[in-house]
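Colleague: Sharing upload.pdb below, PDB, C-alpha atoms:
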ATOM      1  CA  MET U 215       0.000   0.000   0.000  1.00  0.00           C
ATOM      2  CA  SER U 216       1.197   3.523  -0.756  1.00  0.00           C
ATOM      3  CA  SER U 217       2.285   5.716   2.130  1.00  0.00           C
ATOM      4  CA  PHE U 218       3.788   8.981   3.252  1.00  0.00           C
ATOM      5  CA  THR U 219       7.266   8.247   4.585  1.00  0.00           C
ATOM      6  CA  ASP U 220       7.617  11.508   6.507  1.00  0.00           C
ATOM      7  CA  ARG U 221       5.232  13.728   8.410  1.00  0.00           C
ATOM      8  CA  LEU U 222       4.313  17.172   7.113  1.00  0.00           C
ATOM      9  CA  ILE U 223       5.905  20.182   8.800  1.00  0.00           C
ATOM     10  CA  ILE U 224       4.640  23.500   7.455  1.00  0.00           C
ATOM     11  CA  MET U 225       4.537  27.177   8.314  1.00  0.00           C
ATOM     12  CA  ALA U 226       2.014  29.808   7.252  1.00  0.00           C
ATOM     13  CA  VAL U 227       3.453  32.321   4.787  1.00  0.00           C
ATOM     14  CA  PRO U 228       2.537  35.986   5.369  1.00  0.00           C
ATOM     15  CA  ASN U 229      -0.296  37.306   3.223  1.00  0.00           C
ATOM     16  CA  THR U 230       0.966  39.055   0.104  1.00  0.00           C
ATOM     17  CA  ALA U 231      -2.430  40.080  -1.270  1.00  0.00           C
ATOM     18  CA  ILE U 232      -2.573  43.513  -2.861  1.00  0.00           C
ATOM     19  CA  GLY U 233      -5.297  46.077  -3.334  1.00  0.00           C
ATOM     20  CA  LEU U 234      -8.815  45.348  -2.137  1.00  0.00           C
ATOM     21  CA  ALA U 235      -7.957  41.688  -1.479  1.00  0.00           C
ATOM     22  CA  ARG U 236      -6.075  42.794   1.663  1.00  0.00           C
ATOM     23  CA  LEU U 237      -9.341  44.167   3.066  1.00  0.00           C
ATOM     24  CA  LEU U 238     -11.075  40.785   2.995  1.00  0.00           C
ATOM     25  CA  PRO U 239     -11.541  38.940   6.299  1.00  0.00           C
ATOM     26  CA  PRO U 240      -8.863  36.265   6.819  1.00  0.00           C
ATOM     27  CA  GLY U 241     -11.306  33.423   6.111  1.00  0.00           C
ATOM     28  CA  PHE U 242     -11.890  34.794   2.616  1.00  0.00           C
ATOM     29  CA  GLN U 243      -8.224  35.197   1.718  1.00  0.00           C
ATOM     30  CA  ARG U 244      -6.165  32.440   0.131  1.00  0.00           C
ATOM     31  CA  PRO U 245      -3.551  31.340   2.677  1.00  0.00           C
ATOM     32  CA  ARG U 246      -0.131  30.081   1.581  1.00  0.00           C
ATOM     33  CA  TRP U 247       1.983  27.486   3.344  1.00  0.00           C
ATOM     34  CA  GLU U 248       5.655  26.588   3.170  1.00  0.00           C
ATOM     35  CA  VAL U 249       6.956  23.045   3.569  1.00  0.00           C
ATOM     36  CA  LEU U 250       9.682  23.357   6.217  1.00  0.00           C
ATOM     37  CA  GLU U 251      10.968  19.801   5.869  1.00  0.00           C
ATOM     38  CA  GLY U 252      10.569  17.954   2.598  1.00  0.00           C
ATOM     39  CA  PHE U 253       8.633  14.707   2.617  1.00  0.00           C
ATOM     40  CA  ARG U 254       8.248  11.636   0.424  1.00  0.00           C
ATOM     41  CA  TYR U 255       5.271   9.677  -0.795  1.00  0.00           C
ATOM     42  CA  ALA U 256       5.840   6.069  -1.837  1.00  0.00           C
ATOM     43  CA  VAL U 257       3.435   4.862  -4.529  1.00  0.00           C
ATOM     44  CA  GLY U 258       2.784   1.142  -4.147  1.00  0.00           C
ATOM     45  CA  SER U 259       4.436  -0.970  -1.464  1.00  0.00           C
ATOM     46  CA  LEU U 260       6.660   0.882   0.997  1.00  0.00           C
ATOM     47  CA  ASP U 261       9.235  -1.942   0.771  1.00  0.00           C
ATOM     48  CA  HIS U 262       9.176  -1.996  -3.047  1.00  0.00           C
ATOM     49  CA  PRO U 263       7.582   1.259  -4.231  1.00  0.00           C
ATOM     50  CA  ASP U 264       6.697   1.733  -7.893  1.00  0.00           C
ATOM     51  CA  GLN U 265       7.646   5.373  -7.518  1.00  0.00           C
ATOM     52  CA  VAL U 266       8.769   7.757  -4.765  1.00  0.00           C
ATOM     53  CA  ILE U 267       7.591  11.356  -5.060  1.00  0.00           C
ATOM     54  CA  GLU U 268       9.679  13.856  -3.105  1.00  0.00           C
ATOM     55  CA  VAL U 269       8.240  17.231  -2.095  1.00  0.00           C
ATOM     56  CA  PRO U 270      11.181  19.529  -1.283  1.00  0.00           C
ATOM     57  CA  ASP U 271      11.510  21.814   1.699  1.00  0.00           C
ATOM     58  CA  GLY U 272      10.767  25.435   0.828  1.00  0.00           C
ATOM     59  CA  PHE U 273       7.854  24.505  -1.462  1.00  0.00           C
ATOM     60  CA  HIS U 274       4.923  26.963  -1.209  1.00  0.00           C
ATOM     61  CA  PHE U 275       1.345  25.769  -1.699  1.00  0.00           C
ATOM     62  CA  ASP U 276      -2.184  26.950  -0.950  1.00  0.00           C
ATOM     63  CA  GLY U 277      -3.723  23.873   0.648  1.00  0.00           C
ATOM     64  CA  ALA U 278      -6.904  22.477  -0.835  1.00  0.00           C
ATOM     65  CA  SER U 279      -8.374  24.787  -3.468  1.00  0.00           C
ATOM     66  CA  VAL U 280     -11.863  25.023  -2.023  1.00  0.00           C
ATOM     67  CA  PRO U 281     -14.397  27.434  -3.549  1.00  0.00           C
ATOM     68  CA  LEU U 282     -15.395  30.178  -1.122  1.00  0.00           C
ATOM     69  CA  PRO U 283     -18.996  29.013  -0.457  1.00  0.00           C
ATOM     70  CA  PHE U 284     -17.735  25.601   0.717  1.00  0.00           C
ATOM     71  CA  ARG U 285     -14.887  26.700   3.012  1.00  0.00           C
ATOM     72  CA  MET U 286     -17.050  26.403   6.135  1.00  0.00           C
ATOM     73  CA  LEU U 287     -17.486  22.681   5.365  1.00  0.00           C
ATOM     74  CA  VAL U 288     -14.052  22.012   3.907  1.00  0.00           C
ATOM     75  CA  PRO U 289     -11.295  24.336   5.135  1.00  0.00           C
ATOM     76  CA  MET U 290      -8.349  24.872   2.792  1.00  0.00           C
ATOM     77  CA  ALA U 291      -5.877  23.562   5.368  1.00  0.00           C
ATOM     78  CA  HIS U 292      -7.052  20.729   7.588  1.00  0.00           C
ATOM     79  CA  PRO U 293      -4.708  18.165   9.173  1.00  0.00           C
ATOM     80  CA  ASP U 294      -6.764  15.300   7.719  1.00  0.00           C
ATOM     81  CA  TYR U 295      -5.811  16.155   4.123  1.00  0.00           C
ATOM     82  CA  ILE U 296      -3.292  19.013   3.916  1.00  0.00           C
ATOM     83  CA  GLN U 297      -0.385  16.643   3.215  1.00  0.00           C
ATOM     84  CA  ALA U 298      -2.264  15.201   0.219  1.00  0.00           C
ATOM     85  CA  ALA U 299      -2.941  18.777  -0.962  1.00  0.00           C
ATOM     86  CA  ALA U 300       0.765  19.688  -0.658  1.00  0.00           C
ATOM     87  CA  LEU U 301       1.713  16.552  -2.610  1.00  0.00           C
ATOM     88  CA  HIS U 302      -0.862  17.323  -5.320  1.00  0.00           C
ATOM     89  CA  ASP U 303       0.218  20.960  -5.649  1.00  0.00           C
ATOM     90  CA  TRP U 304       3.896  20.012  -5.904  1.00  0.00           C
ATOM     91  CA  MET U 305       3.205  17.347  -8.518  1.00  0.00           C
ATOM     92  CA  LEU U 306       1.293  19.903 -10.598  1.00  0.00           C
ATOM     93  CA  GLU U 307       3.886  22.656 -10.251  1.00  0.00           C
ATOM     94  CA  SER U 308       6.824  20.347 -10.970  1.00  0.00           C
ATOM     95  CA  GLY U 309       5.516  19.633 -14.470  1.00  0.00           C
ATOM     96  CA  LEU U 310       6.803  16.044 -14.181  1.00  0.00           C
ATOM     97  CA  TYR U 311       3.354  14.465 -14.083  1.00  0.00           C
ATOM     98  CA  THR U 312       0.147  14.697 -16.083  1.00  0.00           C
ATOM     99  CA  ARG U 313      -2.789  16.421 -14.459  1.00  0.00           C
ATOM    100  CA  ARG U 314      -4.679  13.121 -14.428  1.00  0.00           C
ATOM    101  CA  ARG U 315      -1.785  11.382 -12.625  1.00  0.00           C
ATOM    102  CA  CYS U 316      -1.590  14.184 -10.044  1.00  0.00           C
ATOM    103  CA  ASP U 317      -5.304  13.831  -9.360  1.00  0.00           C
ATOM    104  CA  GLN U 318      -5.077  10.018  -9.108  1.00  0.00           C
ATOM    105  CA  VAL U 319      -2.227  10.224  -6.589  1.00  0.00           C
ATOM    106  CA  PHE U 320      -4.193  12.872  -4.634  1.00  0.00           C
ATOM    107  CA  TYR U 321      -7.178  10.504  -4.398  1.00  0.00           C
ATOM    108  CA  GLU U 322      -4.942   7.647  -3.280  1.00  0.00           C
ATOM    109  CA  ALA U 323      -3.101   9.854  -0.747  1.00  0.00           C
ATOM    110  CA  LEU U 324      -6.418  10.905   0.804  1.00  0.00           C
ATOM    111  CA  GLY U 325      -7.112   7.222   1.429  1.00  0.00           C
ATOM    112  CA  VAL U 326      -3.667   6.731   2.962  1.00  0.00           C
ATOM    113  CA  LEU U 327      -4.446   9.613   5.331  1.00  0.00           C
ATOM    114  CA  GLY U 328      -7.694   7.900   6.363  1.00  0.00           C
ATOM    115  CA  MET U 329     -10.249  10.134   4.623  1.00  0.00           C
ATOM    116  CA  PRO U 330     -13.660   8.427   4.313  1.00  0.00           C
ATOM    117  CA  GLU U 331     -14.592   7.317   0.793  1.00  0.00           C
ATOM    118  CA  LEU U 332     -17.403   9.883   0.477  1.00  0.00           C
ATOM    119  CA  TRP U 333     -15.007  12.786   1.152  1.00  0.00           C
ATOM    120  CA  ARG U 334     -12.307  11.260  -1.044  1.00  0.00           C
ATOM    121  CA  ALA U 335     -14.769  11.031  -3.919  1.00  0.00           C
ATOM    122  CA  ALA U 336     -16.006  14.602  -3.376  1.00  0.00           C
ATOM    123  CA  MET U 337     -12.474  16.021  -3.208  1.00  0.00           C
ATOM    124  CA  PHE U 338     -11.374  13.995  -6.235  1.00  0.00           C
ATOM    125  CA  GLY U 339     -14.404  15.284  -8.157  1.00  0.00           C
ATOM    126  CA  ALA U 340     -13.463  18.827  -7.177  1.00  0.00           C
ATOM    127  CA  VAL U 341      -9.880  18.490  -8.439  1.00  0.00           C
ATOM    128  CA  ARG U 342     -11.113  16.932 -11.683  1.00  0.00           C
ATOM    129  CA  LEU U 343     -13.476  19.905 -12.154  1.00  0.00           C
ATOM    130  CA  GLY U 344     -10.564  22.189 -11.324  1.00  0.00           C
ATOM    131  CA  ALA U 345      -8.649  20.452 -14.111  1.00  0.00           C
ATOM    132  CA  LEU U 346     -11.073  21.932 -16.638  1.00  0.00           C
ATOM    133  CA  ARG U 347     -10.236  25.439 -15.436  1.00  0.00           C
ATOM    134  CA  TRP U 348      -6.536  24.586 -15.286  1.00  0.00           C
ATOM    135  CA  HIS U 349      -6.513  23.328 -18.901  1.00  0.00           C
ATOM    136  CA  ALA U 350      -8.453  26.394 -20.063  1.00  0.00           C
ATOM    137  CA  ARG U 351      -5.864  28.715 -18.466  1.00  0.00           C
ATOM    138  CA  LYS U 352      -3.026  26.776 -20.118  1.00  0.00           C
ATOM    139  CA  LEU U 353      -4.701  27.112 -23.531  1.00  0.00           C
ATOM    140  CA  ILE U 354      -5.282  30.836 -23.049  1.00  0.00           C
ATOM    141  CA  ALA U 355      -1.649  31.320 -21.978  1.00  0.00           C
ATOM    142  CA  ARG U 356      -0.435  29.504 -25.103  1.00  0.00           C
ATOM    143  CA  VAL U 357      -2.606  31.641 -27.383  1.00  0.00           C
ATOM    144  CA  SER U 358      -1.567  34.918 -25.732  1.00  0.00           C
TER     145      SER U 358
END
Take the structure from the file and write it as structure tokens.
Modeller:
Amino acid sequence: MSSFTDRLIIMAVPNTAIGLARLLPPGFQRPRWEVLEGFRYAVGSLDHPDQVIEVPDGFHFDGASVPLPFRMLVPMAHPDYIQAAALHDWMLESGLYTRRRCDQVFYEALGVLGMPELWRAAMFGAVRLGALRWHARKLIARVS
């Protein structure tokens, strides 16, 4: 079974919002986190992993990308899933993995962290919907 080989140690990064965004209450702002000590995620058996994904120290991420209306139910940074969110964000930003692979590993990592199947499915659905927006932004950037 896949597993995290290290625990997550993070620190909140000061808000760098500009303009009117700085006037929003903290719960409406997008927090940023920094990985203080890198961690690894072993895909497959821990003894004989198919792949080991290493998230380096110093990596900045925003936790789970939860739409504003749902943040009361699903906070962006909760101990039950923030390590899976950091892993997912790093995989995406590294450019070494396809979006689909990042999302699959995120779903699996949620299970490793003990998230119930209903929440895993909901969060996986959310990242797959987010993929549509992500692909649209990539296409627009290429055209510009």
Colleague: On this structure, which residues satisfy the PyMOL selection byres ((chain U and resi 269) around 7), written as a VMD selection string?
Modeller: chain U and resid 252 to 254 267 to 268 270 to 271 301 304
Colleague: For the PyMOL selection byres ((chain U and resi 336-344) around 10), applied here, can you spell out every residue it catches as a list in words?
Modeller: Ala278, Ser279, Val280, Pro281, Val288, Tyr295, His302, Arg313, Arg314, Cys316, Asp317, Gln318, Val319, Phe320, Tyr321, Glu322, Leu324, Glu331, Leu332, Trp333, Arg334, Ala335, Ala345, Leu346, Arg347, Trp348, His349 and Ala350 of chain U
Colleague: Specify as a count of residues only each residue included when the PyMOL selection byres ((chain U and resi 257-266) around 6) is applied to this file.
Modeller: 5
Colleague: When you look at Leu222 in chain U with a cut-off of 7 Å (counting all atoms listed in the file), what residues show up, excluding the ones that are within fewer than 2 positions of it in the same chain? I need them as number ranges by chain.
Modeller: U: 220, 224, 253, 297
Colleague: How many Å lie between CA of Arg315 in chain U and CA of Met290 in chain U, rounded to one decimal?
Modeller: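 Distance reported for this atom pair: 21.5 Å.
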Colleague: Rank nothing, just name the residue among U:Phe218, U:Glu251, U:His274, U:Asn229 nearest to Ser308 in chain U, using all atoms listed in the file.
Modeller: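 Once distances to Ser308 in chain U are computed over all atoms listed in the file, the minimum belongs to U:His274.
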